[in-house]
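So the structure is just underneath, and the comments pick up after that.
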Amino acid sequence: MADSDDEYTEGVSGDELGGGVSSSYGTRSKRPGGGKGKADLKKPTGGSRRAAWEDVHRSWEVEHETEGGVISTIEMIEREKRNRLMRDTTPLQRGIIRHLILVIDMSLAMAEKDLLPNRYLLTLNYAVDFVREYFEQNPISQMGIIGMRDGVGVRVSDMGGNPAAHIEKLREWAEEQEPQGSPSLQNALEICRRELFHAPSHGTREVLIIYGALLSSDPGDIQDTIRDLIKDRIRVSIVGVAAQVAVCAEICSRTNDNAEGNYRIPLNESHFRELFLTSTTPPVAHTPEQSNASLLMMGFPSRTLASKGNMSLCACHCRPTREGYLCTRCGTKVCRLPSECPACGLTLILSTHLARSYHHLFPLNSWVTVSWAEAKKSVACYACQTPFPTQPVAKTKIKLKVKGAPEVSKPTAGVVPKAKETTLATAAEAADKEKAQDLKGVSESGRYKCQVCENHFCIDCDVYAHEMIHNCPGCQSDTRGQGVVNAVDGDAMAVDG
């Protein structure tokens with residue numbers, strides 16, 4: 001017992017022994033000579049040993065069982081990536097100049113921990129990602145943030161086109177404020193109406209609400225607010241963190257011309273983030289005012305840098321800076337683009353901002369899967385040069401015939417075994433069909449082909465090309481012919497070099 005007690009004492013953490021030495025996992029030593037001595041504890045170690053339970057093979061992390069068979073986790077992850085890309089790429093008229101108000105529920109219902117760490121902190125973290133992605137995909141748009149708590153709407157950040165200002169305000173609220181009170185949809189929507197009242201007619205007016213409560217503490221009739229939203233052409237989309245609420249479904253349906261898909265309920269944390277970031281894509285234009293062609297005057301200023309020691313105030317923040325952009329109409333200095341000139345109201349942007357907004361109007365066509373018969377043309381991804389998996393060797397079936405086996409009469413051999421064999425074959429075909437349905441859009445060879453340049457890419461490059469750069473690397477690098485072939489919605493446009 002003495003040796004056992006000594007080993008247990010020496011196996012505890014280094015803090016309890018008075019030293020800063022990290023201990024090994026577990027309480028019993030696996031060496032035949034007993035536990036570690038004090039001299040061994042003082043020696044620096046190259047790193048802590050992995051415990052036995054860390055190397056346990058968990059079958060549920062490797063395979064996912066369905067009714068039709070077993071699908072590996074790698075295939076499930078690849079299917080989730082492809083599902084984000086399997087959407088309609090038909091060019092539609094969309095509003096690339098957007099004015100969006102993000103409304104976040106900050107009531108006591110957001111303190112629930114069904115989404116870890118809780119609904120409130122997870123929503124604010126995803127809101128930071130949403131702000132970055134929103135201005136990355138819509139650089140000439142504007143956004144504001146409003147919170148709902150204590151039955152009123154509170155302003156988190158003003159309408160603007162600077163993502164850094166919105167992110168800073170969100171982080172301040174995450175550190176200093178806690179969810180409290182009840183939400184009020186009517187008060188929040190009325191604030192949104194006032195914020196979007198001065199939005200120009202050529203831009204969109206949108207409201208995205210993250211709602212976590214099952215009630216709304218409104219001072220009046222919300223039906224009047226819904227009619228005002230329809231009159232002002234404001235579209236409302238809601239992501240309900242809790243269960244579905246009837247009034248939320250009515251608001252989304254009536255403000256979006258009875259279109260479906262604007263009120264969604266997440267299943268888990270990753271699905272919540274996916275639904276959150278869905279609103280970064282501009283909505284389709286429905287109203288005649290947005291469908292009519294109109295000209296918008298914009299300025300494209302160049303960056304200026306003053307000499308050392310010379311500084312001037314920017315008109316947007318009244319801060320002394322050396323660099324900035326001068327308005328092409330009145331010469332007023334602003335420090336960031338895109339922005340609106342504080343003096344004359346001219347929209348100031350860069351040409352790259354305008355080009356990045358066009359990918360919503362001309363989306364990149366989805367790439368098709370490559371079968372094993374066609375996979376021999378490539379051994380690595382055309383973009384990142386990642387090696388592709390090799391074709392698996394087909395399994396050969398071996399039939400064994402046992403000597404001296406009793407012969408079976410013809411009727412028995414012709415009826416009963418055939419029926420059993422047919423049943424098994426039908427079940428196998430149904431299982432294969434269901435597995436193929438589960439993996440719809442996933443290539444069996446791990447290759448995806450652009451229909452324009454016919455190059456093969458991996459799944460990661462497929463996702464990156466469609467969600468980030470919105471161009472095909474193979475089409476952009478193709479220099480055949482007289483110019484560079486650019487793939488825009490599957491059409492080749494020659495640019496003279």
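Just so we're on the same page: first chain in the structure tokens is A, next is B, and so on; residues restart at 1 for each chain, and ligands are numbered from 1 in the order they show up.
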
Find the residues around Ile210 of chain A up to 7 Å (only C-alpha atoms counted), leave out those fewer than 2 positions away in its own chain, and share them as a PyMOL selection string. chain A and resi 103-105+208+212+238-240

Practice task
Please provide as a PyMOL selection string all residues within 9 Å of Cys192 of chain A, with the sequence filter that same-chain residues fewer than 3 positions apart are discarded (counting only C-alpha atoms).
Solution key: chain A and resi 101+103+146+187-189+195-197+206-207

Dump N, CA and C atoms for the selected residues as a PDB file, in the first residue's frame?
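The result, written out as part05.pdb:
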```pdb
ATOM      1  N   ILE A 101     -30.145  46.535 -42.763  1.00  0.00           N
ATOM      2  CA  ILE A 101     -30.128  46.715 -41.311  1.00  0.00           C
ATOM      3  C   ILE A 101     -30.113  45.336 -40.669  1.00  0.00           C
ATOM      4  N   VAL A 103     -30.635  43.279 -37.421  1.00  0.00           N
ATOM      5  CA  VAL A 103     -31.319  43.376 -36.127  1.00  0.00           C
ATOM      6  C   VAL A 103     -30.995  42.123 -35.331  1.00  0.00           C
ATOM      7  N   ILE A 146     -28.837  47.068 -35.278  1.00  0.00           N
ATOM      8  CA  ILE A 146     -29.788  47.453 -34.229  1.00  0.00           C
ATOM      9  C   ILE A 146     -29.996  46.244 -33.318  1.00  0.00           C
ATOM     10  N   ASN A 187     -41.043  47.709 -32.525  1.00  0.00           N
ATOM     11  CA  ASN A 187     -40.147  48.837 -32.286  1.00  0.00           C
ATOM     12  C   ASN A 187     -38.896  48.747 -33.154  1.00  0.00           C
ATOM     13  N   ALA A 188     -38.349  47.529 -33.294  1.00  0.00           N
ATOM     14  CA  ALA A 188     -37.147  47.363 -34.121  1.00  0.00           C
ATOM     15  C   ALA A 188     -37.439  47.650 -35.589  1.00  0.00           C
ATOM     16  N   LEU A 189     -38.585  47.189 -36.088  1.00  0.00           N
ATOM     17  CA  LEU A 189     -38.923  47.428 -37.490  1.00  0.00           C
ATOM     18  C   LEU A 189     -39.224  48.900 -37.758  1.00  0.00           C
ATOM     19  N   GLU A 195     -34.424  54.393 -40.585  1.00  0.00           N
ATOM     20  CA  GLU A 195     -33.055  54.343 -41.076  1.00  0.00           C
ATOM     21  C   GLU A 195     -33.015  54.212 -42.596  1.00  0.00           C
ATOM     22  N   LEU A 196     -33.962  53.454 -43.159  1.00  0.00           N
ATOM     23  CA  LEU A 196     -33.961  53.191 -44.597  1.00  0.00           C
ATOM     24  C   LEU A 196     -34.824  54.172 -45.382  1.00  0.00           C
ATOM     25  N   PHE A 197     -35.374  55.174 -44.711  1.00  0.00           N
ATOM     26  CA  PHE A 197     -36.275  56.101 -45.398  1.00  0.00           C
ATOM     27  C   PHE A 197     -35.540  56.900 -46.473  1.00  0.00           C
ATOM     28  N   GLU A 206     -33.265  46.363 -47.099  1.00  0.00           N
ATOM     29  CA  GLU A 206     -33.386  45.027 -46.519  1.00  0.00           C
ATOM     30  C   GLU A 206     -33.216  45.081 -45.004  1.00  0.00           C
ATOM     31  N   VAL A 207     -33.855  44.121 -44.351  1.00  0.00           N
ATOM     32  CA  VAL A 207     -33.736  43.944 -42.907  1.00  0.00           C
ATOM     33  C   VAL A 207     -33.499  42.469 -42.638  1.00  0.00           C
TER      34      VAL A 207
END
```

**Prompt:** Can you list, as a PyMOL selection string, every residue of segment 94-198 of chain A that DSSP puts in strand (DSSP E or B)?
**Reply:** chain A and resi 94+98-105+142-149+152-160

Go ahead and dump the residues you just picked, N, CA, C and O atoms, as a short mmCIF file (atom, residue, chain, number, x, y, z; two decimals), in the first residue's frame.
```cif
data_model
loop_
_atom_site.label_atom_id
_atom_site.label_comp_id
_atom_site.auth_asym_id
_atom_site.auth_seq_id
_atom_site.Cartn_x
_atom_site.Cartn_y
_atom_site.Cartn_z
N ARG A 94 -30.15 41.73 -60.04
CA ARG A 94 -30.05 41.90 -58.59
C ARG A 94 -29.59 43.32 -58.29
O ARG A 94 -28.97 43.98 -59.12
N ARG A 98 -26.73 47.88 -51.96
CA ARG A 98 -27.67 47.41 -50.94
C ARG A 98 -27.60 48.31 -49.70
O ARG A 98 -26.55 48.88 -49.37
N HIS A 99 -28.74 48.40 -49.03
CA HIS A 99 -28.84 49.09 -47.74
C HIS A 99 -29.53 48.11 -46.79
O HIS A 99 -30.74 47.87 -46.90
N LEU A 100 -28.77 47.55 -45.88
CA LEU A 100 -29.26 46.47 -45.01
C LEU A 100 -29.12 46.87 -43.54
O LEU A 100 -28.10 47.46 -43.14
N ILE A 101 -30.15 46.54 -42.76
CA ILE A 101 -30.13 46.71 -41.31
C ILE A 101 -30.11 45.34 -40.67
O ILE A 101 -31.01 44.52 -40.90
N LEU A 102 -29.09 45.06 -39.87
CA LEU A 102 -28.99 43.80 -39.12
C LEU A 102 -29.58 44.00 -37.73
O LEU A 102 -29.09 44.83 -36.96
N VAL A 103 -30.63 43.28 -37.42
CA VAL A 103 -31.32 43.38 -36.13
C VAL A 103 -31.00 42.12 -35.33
O VAL A 103 -31.28 41.00 -35.77
N ILE A 104 -30.40 42.28 -34.16
CA ILE A 104 -29.98 41.16 -33.32
C ILE A 104 -30.82 41.15 -32.05
O ILE A 104 -30.97 42.18 -31.37
N ASP A 105 -31.38 40.01 -31.74
CA ASP A 105 -32.14 39.82 -30.50
C ASP A 105 -31.17 39.79 -29.33
O ASP A 105 -30.29 38.92 -29.26
N GLN A 142 -24.08 49.45 -47.95
CA GLN A 142 -24.02 49.99 -46.61
C GLN A 142 -24.84 49.12 -45.66
O GLN A 142 -25.74 48.38 -46.10
N MET A 143 -24.52 49.23 -44.37
CA MET A 143 -25.19 48.40 -43.38
C MET A 143 -25.22 49.12 -42.04
O MET A 143 -24.34 49.93 -41.73
N GLY A 144 -26.24 48.82 -41.24
CA GLY A 144 -26.36 49.30 -39.88
C GLY A 144 -26.80 48.17 -38.97
O GLY A 144 -27.33 47.15 -39.44
N ILE A 145 -26.57 48.30 -37.68
CA ILE A 145 -26.89 47.24 -36.71
C ILE A 145 -27.77 47.81 -35.61
O ILE A 145 -27.47 48.88 -35.05
N ILE A 146 -28.84 47.07 -35.28
CA ILE A 146 -29.79 47.45 -34.23
C ILE A 146 -30.00 46.24 -33.32
O ILE A 146 -30.01 45.09 -33.78
N GLY A 147 -30.17 46.49 -32.02
CA GLY A 147 -30.43 45.43 -31.05
C GLY A 147 -31.83 45.56 -30.46
O GLY A 147 -32.41 46.65 -30.41
N MET A 148 -32.36 44.43 -30.00
CA MET A 148 -33.68 44.40 -29.34
C MET A 148 -33.50 43.92 -27.91
O MET A 148 -33.05 42.79 -27.68
N ARG A 149 -33.87 44.76 -26.94
CA ARG A 149 -33.78 44.40 -25.52
C ARG A 149 -34.67 45.34 -24.71
O ARG A 149 -34.90 46.49 -25.10
N VAL A 152 -37.48 47.57 -26.33
CA VAL A 152 -37.20 48.69 -27.22
C VAL A 152 -36.08 48.28 -28.17
O VAL A 152 -35.44 47.25 -28.01
N GLY A 153 -35.86 49.12 -29.18
CA GLY A 153 -34.76 48.91 -30.09
C GLY A 153 -33.62 49.86 -29.77
O GLY A 153 -33.84 51.05 -29.56
N VAL A 154 -32.40 49.34 -29.69
CA VAL A 154 -31.22 50.14 -29.37
C VAL A 154 -30.29 50.15 -30.58
O VAL A 154 -30.17 49.16 -31.30
N ARG A 155 -29.64 51.27 -30.80
CA ARG A 155 -28.74 51.42 -31.92
C ARG A 155 -27.35 50.90 -31.53
O ARG A 155 -26.73 51.40 -30.58
N VAL A 156 -26.84 49.93 -32.27
CA VAL A 156 -25.50 49.40 -32.04
C VAL A 156 -24.49 50.15 -32.89
O VAL A 156 -23.45 50.58 -32.40
N SER A 157 -24.76 50.31 -34.17
CA SER A 157 -23.89 51.08 -35.05
C SER A 157 -24.74 51.76 -36.12
O SER A 157 -25.78 51.24 -36.52
N ASP A 158 -24.29 52.92 -36.57
CA ASP A 158 -25.02 53.69 -37.57
C ASP A 158 -24.82 53.10 -38.96
O ASP A 158 -23.90 52.32 -39.21
N MET A 159 -25.70 53.49 -39.87
CA MET A 159 -25.59 53.07 -41.26
C MET A 159 -24.30 53.61 -41.86
O MET A 159 -24.01 54.80 -41.78
N GLY A 160 -23.51 52.71 -42.43
CA GLY A 160 -22.24 53.11 -43.03
C GLY A 160 -21.63 51.99 -43.83
O GLY A 160 -22.11 50.85 -43.82
#
```
